[in-house]
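Worksheet: the structure to be examined is printed underneath.
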Amino acid sequence: MASTVDASRVAEHYDDEAALNEKITLLASMVGASSYTVFFTGAGVSTSSGVGDYRGPSGAWTKRRIRELQDKGRLGTITAEEQEDLDGLLREAERERAKSAKKVDMTDAEPSVTHMAMATLMRLGLAHHVITTNLDGIYRKAGLQGHTQLTCLHGDIYIERCTGCGYDFERNFEVRQPRTHVHDHCVGTCSRCGSHPPASYTGWVTKKDVKTGSKTKFAMNGLISTTDVNLGTKDTHINFGELLDSMDWAEADKQCKKADLCIVAGTSMSLRHVHTLAPAVRLTFFQAHHPFPVPVKTDCYN
């Protein structure tokens with residue numbers, strides 16, 4: 001994923017006051033004319049809450065890309081183009097360090113102005129749903145209700161979901177269990193329907209040389225996956241290389257098909273499984289400074 005980072009995408013851009021006001025006026029007119037508005041958001045909306053992102057100037061993948069290029073420099077294998085890219089990444093990272101608020105643990109993060117603005121528009125009936133790839137739970141802290149107002153494509157650290165009846169238990173603590181395999185999602189027994197993990201469950205791979213993640217199931221490796229059924233409750237945290245929960249994917253697809261305006265913010269839409277959702281909406285306002293990662297037509301982007 002570090003390969004999806006380069007200096008041109010990491011660089012932050014700022015509009016002058018006149019250009020910003022023009023875009024705000026345009027967006028306000030689009031919202032006013034819309035009968036059903038959906039927000040599609042990513043990690044960028046939570047950075048001001050102190051939660052790190054992936055491809056921003058100080059994001060996880062950006063840092064990894066910097067290390068990769070620095071290693072090439074030490075080995076003498078870096079190209080002129082890569083050196084230029086490295087210099088650009090380091091400049092943007094330094095600017096970010098100079099202005100950034102202190103990073104906080106995800107569980108301590110509070111809603112930012114962005115989260116509250118979206119929640120307020122929804123309470124006023126001017127917007128209708130948020131689809132996010134963030135699992136930090138901040139939108140719920142801003143007052144949005146899961147499923148009716150909010151879809152978390154990559155899960156929510158506070159949600160424990162039953163693999164039997166599909167009920168979501170909203171906790172006030174992070175539900176993912178420690179000291180288990182990265183691709184294991186078991187939490188426990190459902191208090192509503194009684195679904196529970198198999199007696200043979202251990203939280204670790206039970207067979208040698210078996211695949212984990214992706215399309216694998218408990219019967220293949222002993223791990224409770226994101227798509228296993230009737231094996232107790234699970235966390236909803238989607239790790240890299242895992243399938244999305246079909247409940248969340250179907251929900252996001254339904255909302256985008258229902259919407260006549262989608263406002264994309266805080267995401268580069270680089271992930272292969274999400275970049276077709278927003279363009280399916282009739283009118284899209286893409287809040288970014290580069291085009292979509294796939295050749296699709298958007299009505300407006302900046």
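By convention in this document, the chains of the structure tokens carry letters A, B, ... by their order, each chain's residues are numbered from 1, and ligands are numbered from 1 in the order they are shown.
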Check the DSSP output for the backbone and give back, as an MDAnalysis selection string, the residues of stretch 85-293 of chain A in strand (DSSP E or B).
chainID A and resid 129:132 146 150:152 159:162 168:170 186:188 214 233:235 242 261:265 284:287
Apply DSSP to the structure's backbone, then extract all residues of stretch 112-229 of chain A labelled alpha helix (DSSP H) and return them as an mmCIF file with all heavy atoms, in the first residue's frame.
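What follows is the written file result_25.cif:
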```cif
data_model
loop_
_atom_site.group_PDB
_atom_site.id
_atom_site.type_symbol
_atom_site.label_atom_id
_atom_site.label_comp_id
_atom_site.auth_asym_id
_atom_site.auth_seq_id
_atom_site.Cartn_x
_atom_site.Cartn_y
_atom_site.Cartn_z
ATOM 1 N N VAL A 113 -14.886 19.561 13.904
ATOM 2 C CA VAL A 113 -15.870 20.429 13.259
ATOM 3 C C VAL A 113 -16.489 19.728 12.049
ATOM 4 O O VAL A 113 -17.690 19.854 11.773
ATOM 5 C CB VAL A 113 -15.204 21.758 12.829
ATOM 6 C CG1 VAL A 113 -16.153 22.595 11.986
ATOM 7 C CG2 VAL A 113 -14.756 22.548 14.054
ATOM 8 N N THR A 114 -15.674 18.973 11.326
ATOM 9 C CA THR A 114 -16.164 18.251 10.145
ATOM 10 C C THR A 114 -17.236 17.235 10.519
ATOM 11 O O THR A 114 -18.308 17.184 9.899
ATOM 12 C CB THR A 114 -15.003 17.523 9.445
ATOM 13 O OG1 THR A 114 -13.985 18.457 9.122
ATOM 14 C CG2 THR A 114 -15.485 16.832 8.182
ATOM 15 N N HIS A 115 -16.972 16.408 11.522
ATOM 16 C CA HIS A 115 -17.959 15.424 11.957
ATOM 17 C C HIS A 115 -19.253 16.107 12.401
ATOM 18 O O HIS A 115 -20.359 15.675 12.032
ATOM 19 C CB HIS A 115 -17.417 14.594 13.134
ATOM 20 C CG HIS A 115 -16.222 13.761 12.811
ATOM 21 N ND1 HIS A 115 -14.939 14.180 13.109
ATOM 22 C CD2 HIS A 115 -16.105 12.545 12.231
ATOM 23 C CE1 HIS A 115 -14.083 13.244 12.720
ATOM 24 N NE2 HIS A 115 -14.757 12.248 12.187
ATOM 25 N N MET A 116 -19.118 17.182 13.187
ATOM 26 C CA MET A 116 -20.295 17.841 13.725
ATOM 27 C C MET A 116 -21.080 18.572 12.639
ATOM 28 O O MET A 116 -22.317 18.647 12.698
ATOM 29 C CB MET A 116 -19.893 18.809 14.840
ATOM 30 C CG MET A 116 -19.292 18.126 16.063
ATOM 31 S SD MET A 116 -20.303 16.761 16.724
ATOM 32 C CE MET A 116 -21.825 17.621 17.148
ATOM 33 N N ALA A 117 -20.374 19.111 11.641
ATOM 34 C CA ALA A 117 -21.064 19.786 10.539
ATOM 35 C C ALA A 117 -21.933 18.792 9.769
ATOM 36 O O ALA A 117 -23.089 19.083 9.428
ATOM 37 C CB ALA A 117 -20.052 20.448 9.605
ATOM 38 N N MET A 118 -21.384 17.612 9.496
ATOM 39 C CA MET A 118 -22.154 16.587 8.789
ATOM 40 C C MET A 118 -23.348 16.137 9.631
ATOM 41 O O MET A 118 -24.465 15.977 9.119
ATOM 42 C CB MET A 118 -21.255 15.400 8.448
ATOM 43 C CG MET A 118 -20.193 15.715 7.415
ATOM 44 S SD MET A 118 -19.141 14.280 7.052
ATOM 45 C CE MET A 118 -17.960 15.018 5.915
ATOM 46 N N ALA A 119 -23.112 15.919 10.917
ATOM 47 C CA ALA A 119 -24.198 15.493 11.803
ATOM 48 C C ALA A 119 -25.286 16.559 11.881
ATOM 49 O O ALA A 119 -26.486 16.245 11.911
ATOM 50 C CB ALA A 119 -23.650 15.194 13.196
ATOM 51 N N THR A 120 -24.885 17.817 11.905
ATOM 52 C CA THR A 120 -25.854 18.913 11.974
ATOM 53 C C THR A 120 -26.689 18.991 10.702
ATOM 54 O O THR A 120 -27.917 19.162 10.757
ATOM 55 C CB THR A 120 -25.130 20.252 12.210
ATOM 56 O OG1 THR A 120 -24.430 20.199 13.457
ATOM 57 C CG2 THR A 120 -26.123 21.405 12.240
ATOM 58 N N LEU A 121 -26.048 18.857 9.552
ATOM 59 C CA LEU A 121 -26.785 18.864 8.287
ATOM 60 C C LEU A 121 -27.801 17.725 8.244
ATOM 61 O O LEU A 121 -28.918 17.887 7.718
ATOM 62 C CB LEU A 121 -25.818 18.743 7.105
ATOM 63 C CG LEU A 121 -24.997 20.000 6.784
ATOM 64 C CD1 LEU A 121 -23.919 19.674 5.756
ATOM 65 C CD2 LEU A 121 -25.901 21.120 6.273
ATOM 66 N N MET A 122 -27.449 16.605 8.820
ATOM 67 C CA MET A 122 -28.375 15.479 8.836
ATOM 68 C C MET A 122 -29.527 15.731 9.802
ATOM 69 O O MET A 122 -30.684 15.416 9.493
ATOM 70 C CB MET A 122 -27.625 14.195 9.184
ATOM 71 C CG MET A 122 -26.663 13.776 8.074
ATOM 72 S SD MET A 122 -25.661 12.333 8.465
ATOM 73 C CE MET A 122 -26.912 11.077 8.547
ATOM 74 N N ARG A 123 -29.246 16.323 10.938
ATOM 75 C CA ARG A 123 -30.331 16.636 11.880
ATOM 76 C C ARG A 123 -31.294 17.665 11.288
ATOM 77 O O ARG A 123 -32.488 17.655 11.588
ATOM 78 C CB ARG A 123 -29.749 17.155 13.196
ATOM 79 C CG ARG A 123 -29.213 16.051 14.095
ATOM 80 C CD ARG A 123 -28.972 16.542 15.497
ATOM 81 N NE ARG A 123 -27.854 17.466 15.555
ATOM 82 C CZ ARG A 123 -26.587 17.094 15.745
ATOM 83 N NH1 ARG A 123 -26.291 15.812 15.860
ATOM 84 N NH2 ARG A 123 -25.630 17.995 15.800
ATOM 85 N N ILE A 138 -15.968 7.815 15.656
ATOM 86 C CA ILE A 138 -16.200 9.227 15.983
ATOM 87 C C ILE A 138 -17.577 9.704 15.526
ATOM 88 O O ILE A 138 -18.214 10.526 16.186
ATOM 89 C CB ILE A 138 -15.082 10.109 15.393
ATOM 90 C CG1 ILE A 138 -13.731 9.719 15.993
ATOM 91 C CG2 ILE A 138 -15.356 11.585 15.668
ATOM 92 C CD1 ILE A 138 -12.552 10.512 15.449
ATOM 93 N N TYR A 139 -18.057 9.193 14.407
ATOM 94 C CA TYR A 139 -19.383 9.620 13.942
ATOM 95 C C TYR A 139 -20.469 9.254 14.946
ATOM 96 O O TYR A 139 -21.441 9.991 15.126
ATOM 97 C CB TYR A 139 -19.698 9.006 12.581
ATOM 98 C CG TYR A 139 -19.087 9.751 11.424
ATOM 99 C CD1 TYR A 139 -18.097 9.168 10.642
ATOM 100 C CD2 TYR A 139 -19.505 11.044 11.104
ATOM 101 C CE1 TYR A 139 -17.541 9.848 9.566
ATOM 102 C CE2 TYR A 139 -18.949 11.735 10.038
ATOM 103 C CZ TYR A 139 -17.972 11.127 9.271
ATOM 104 O OH TYR A 139 -17.421 11.818 8.210
ATOM 105 N N ARG A 140 -20.331 8.124 15.601
ATOM 106 C CA ARG A 140 -21.304 7.752 16.636
ATOM 107 C C ARG A 140 -21.210 8.717 17.811
ATOM 108 O O ARG A 140 -22.232 9.070 18.416
ATOM 109 C CB ARG A 140 -21.074 6.312 17.099
ATOM 110 C CG ARG A 140 -21.424 5.267 16.041
ATOM 111 C CD ARG A 140 -21.133 3.860 16.530
ATOM 112 N NE ARG A 140 -21.327 2.870 15.494
ATOM 113 C CZ ARG A 140 -22.453 2.201 15.289
ATOM 114 N NH1 ARG A 140 -23.496 2.426 16.053
ATOM 115 N NH2 ARG A 140 -22.539 1.306 14.316
ATOM 116 N N LYS A 141 -20.001 9.153 18.142
ATOM 117 C CA LYS A 141 -19.842 10.146 19.210
ATOM 118 C C LYS A 141 -20.476 11.480 18.815
ATOM 119 O O LYS A 141 -20.863 12.261 19.680
ATOM 120 C CB LYS A 141 -18.358 10.342 19.524
ATOM 121 C CG LYS A 141 -17.676 9.131 20.129
ATOM 122 C CD LYS A 141 -16.201 9.393 20.383
ATOM 123 C CE LYS A 141 -15.511 8.172 20.966
ATOM 124 N NZ LYS A 141 -14.057 8.388 21.182
ATOM 125 N N PHE A 218 -13.669 -20.330 8.920
ATOM 126 C CA PHE A 218 -13.258 -21.060 10.121
ATOM 127 C C PHE A 218 -12.912 -22.510 9.805
ATOM 128 O O PHE A 218 -11.935 -23.056 10.324
ATOM 129 C CB PHE A 218 -14.379 -21.005 11.163
ATOM 130 C CG PHE A 218 -14.077 -21.788 12.408
ATOM 131 C CD1 PHE A 218 -13.253 -21.261 13.393
ATOM 132 C CD2 PHE A 218 -14.592 -23.065 12.595
ATOM 133 C CE1 PHE A 218 -12.955 -21.979 14.540
ATOM 134 C CE2 PHE A 218 -14.303 -23.789 13.731
ATOM 135 C CZ PHE A 218 -13.483 -23.246 14.708
ATOM 136 N N ALA A 219 -13.703 -23.137 8.951
ATOM 137 C CA ALA A 219 -13.474 -24.547 8.634
ATOM 138 C C ALA A 219 -12.130 -24.785 7.955
ATOM 139 O O ALA A 219 -11.594 -25.897 7.999
ATOM 140 C CB ALA A 219 -14.599 -25.063 7.730
ATOM 141 N N MET A 220 -11.551 -23.732 7.371
ATOM 142 C CA MET A 220 -10.288 -23.883 6.655
ATOM 143 C C MET A 220 -9.071 -23.706 7.559
ATOM 144 O O MET A 220 -8.050 -24.358 7.362
ATOM 145 C CB MET A 220 -10.230 -22.874 5.508
ATOM 146 C CG MET A 220 -11.340 -23.056 4.475
ATOM 147 S SD MET A 220 -11.450 -21.670 3.321
ATOM 148 C CE MET A 220 -9.853 -21.779 2.509
ATOM 149 N N ASN A 221 -9.176 -22.803 8.541
ATOM 150 C CA ASN A 221 -7.975 -22.484 9.321
ATOM 151 C C ASN A 221 -8.222 -22.287 10.821
ATOM 152 O O ASN A 221 -7.281 -21.983 11.557
ATOM 153 C CB ASN A 221 -7.288 -21.237 8.746
ATOM 154 C CG ASN A 221 -8.246 -20.054 8.640
ATOM 155 O OD1 ASN A 221 -9.162 -19.908 9.450
ATOM 156 N ND2 ASN A 221 -8.038 -19.205 7.643
#
```
Using only C-alpha atoms, which residues sit within 10 Å of A:Ala33 once same-chain residues fewer than 4 positions away are excluded, as number ranges by chain?
A: 27-29, 37, 126, 260-261
Residue among A:Thr79, A:Ser49, A:Thr132, A:Gln70 lying closest to A:Thr107, counting only C-alpha atoms
A:Ser49
At a cut-off of 8 Å, using only C-alpha atoms, what residues contact stretch 196-212 of chain A? Leave out same-chain residues fewer than 4 positions from it and give the result as an mmCIF file with N, CA, C and O atoms, in the first residue's frame.
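Saved result, around17.cif, follows:
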```
data_model
loop_
_atom_site.group_PDB
_atom_site.id
_atom_site.type_symbol
_atom_site.label_atom_id
_atom_site.label_comp_id
_atom_site.auth_asym_id
_atom_site.auth_seq_id
_atom_site.Cartn_x
_atom_site.Cartn_y
_atom_site.Cartn_z
ATOM 1 N N THR A 180 -4.858 -12.412 19.788
ATOM 2 C CA THR A 180 -5.350 -13.417 18.844
ATOM 3 C C THR A 180 -4.746 -13.115 17.478
ATOM 4 O O THR A 180 -4.120 -12.078 17.268
ATOM 5 N N HIS A 181 -4.949 -14.019 16.542
ATOM 6 C CA HIS A 181 -4.419 -13.861 15.194
ATOM 7 C C HIS A 181 -5.033 -12.622 14.535
ATOM 8 O O HIS A 181 -6.201 -12.288 14.764
ATOM 9 N N HIS A 183 -6.168 -12.131 11.694
ATOM 10 C CA HIS A 183 -7.343 -12.420 10.875
ATOM 11 C C HIS A 183 -8.433 -13.176 11.641
ATOM 12 O O HIS A 183 -9.335 -13.745 11.027
ATOM 13 N N ASP A 184 -8.353 -13.154 12.966
ATOM 14 C CA ASP A 184 -9.410 -13.751 13.775
ATOM 15 C C ASP A 184 -10.267 -12.641 14.377
ATOM 16 O O ASP A 184 -9.739 -11.665 14.909
ATOM 17 N N CYS A 186 -13.253 -13.272 16.465
ATOM 18 C CA CYS A 186 -14.163 -13.760 17.494
ATOM 19 C C CYS A 186 -14.191 -12.829 18.715
ATOM 20 O O CYS A 186 -13.156 -12.333 19.158
ATOM 21 N N GLY A 188 -17.332 -13.381 21.274
ATOM 22 C CA GLY A 188 -17.958 -14.220 22.291
ATOM 23 C C GLY A 188 -19.312 -14.764 21.886
ATOM 24 O O GLY A 188 -19.550 -15.056 20.723
ATOM 25 N N THR A 189 -20.207 -14.864 22.875
ATOM 26 C CA THR A 189 -21.535 -15.432 22.678
ATOM 27 C C THR A 189 -22.582 -14.338 22.594
ATOM 28 O O THR A 189 -22.532 -13.359 23.350
ATOM 29 N N CYS A 190 -23.531 -14.488 21.690
ATOM 30 C CA CYS A 190 -24.587 -13.496 21.523
ATOM 31 C C CYS A 190 -25.625 -13.651 22.629
ATOM 32 O O CYS A 190 -26.181 -14.741 22.831
ATOM 33 N N THR A 216 -11.090 -16.902 3.214
ATOM 34 C CA THR A 216 -11.001 -18.077 4.073
ATOM 35 C C THR A 216 -12.113 -18.089 5.124
ATOM 36 O O THR A 216 -12.690 -17.059 5.448
ATOM 37 N N MET A 220 -11.551 -23.732 7.371
ATOM 38 C CA MET A 220 -10.288 -23.883 6.655
ATOM 39 C C MET A 220 -9.071 -23.706 7.559
ATOM 40 O O MET A 220 -8.050 -24.358 7.362
ATOM 41 N N ASN A 221 -9.176 -22.803 8.541
ATOM 42 C CA ASN A 221 -7.975 -22.484 9.321
ATOM 43 C C ASN A 221 -8.222 -22.287 10.821
ATOM 44 O O ASN A 221 -7.281 -21.983 11.557
ATOM 45 N N GLY A 222 -9.452 -22.415 11.273
ATOM 46 C CA GLY A 222 -9.730 -22.267 12.706
ATOM 47 C C GLY A 222 -9.916 -20.831 13.162
ATOM 48 O O GLY A 222 -10.092 -20.585 14.360
ATOM 49 N N LEU A 223 -9.883 -19.890 12.223
ATOM 50 C CA LEU A 223 -10.068 -18.478 12.558
ATOM 51 C C LEU A 223 -11.462 -18.029 12.146
ATOM 52 O O LEU A 223 -11.946 -18.389 11.071
ATOM 53 N N ILE A 224 -12.109 -17.242 13.005
ATOM 54 C CA ILE A 224 -13.432 -16.724 12.661
ATOM 55 C C ILE A 224 -13.238 -15.476 11.804
ATOM 56 O O ILE A 224 -12.681 -14.468 12.249
ATOM 57 N N ASN A 230 -22.966 -17.685 12.017
ATOM 58 C CA ASN A 230 -23.429 -18.444 13.189
ATOM 59 C C ASN A 230 -22.289 -19.057 13.999
ATOM 60 O O ASN A 230 -22.330 -20.220 14.383
ATOM 61 N N LEU A 231 -21.274 -18.226 14.253
ATOM 62 C CA LEU A 231 -20.144 -18.652 15.086
ATOM 63 C C LEU A 231 -19.915 -17.669 16.231
ATOM 64 O O LEU A 231 -18.782 -17.371 16.594
ATOM 65 N N GLY A 232 -21.000 -17.141 16.807
ATOM 66 C CA GLY A 232 -20.883 -16.204 17.910
ATOM 67 C C GLY A 232 -20.776 -14.770 17.427
ATOM 68 O O GLY A 232 -21.049 -14.460 16.270
ATOM 69 N N THR A 233 -20.339 -13.892 18.328
ATOM 70 C CA THR A 233 -20.182 -12.491 17.960
ATOM 71 C C THR A 233 -18.751 -12.221 17.491
ATOM 72 O O THR A 233 -17.827 -12.949 17.847
#
```
Which residue, A:Ile131, A:Leu144, A:Ala18, A:Ile157, has the smallest gap to A:Leu277 when you use only C-alpha atoms?
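Among A:Ile131, A:Leu144, A:Ala18, A:Ile157, it is A:Ile131 that comes nearest to A:Leu277.
Atom CA of A:Ser46 is found 24.3 Å from atom CA of A:Pro178.
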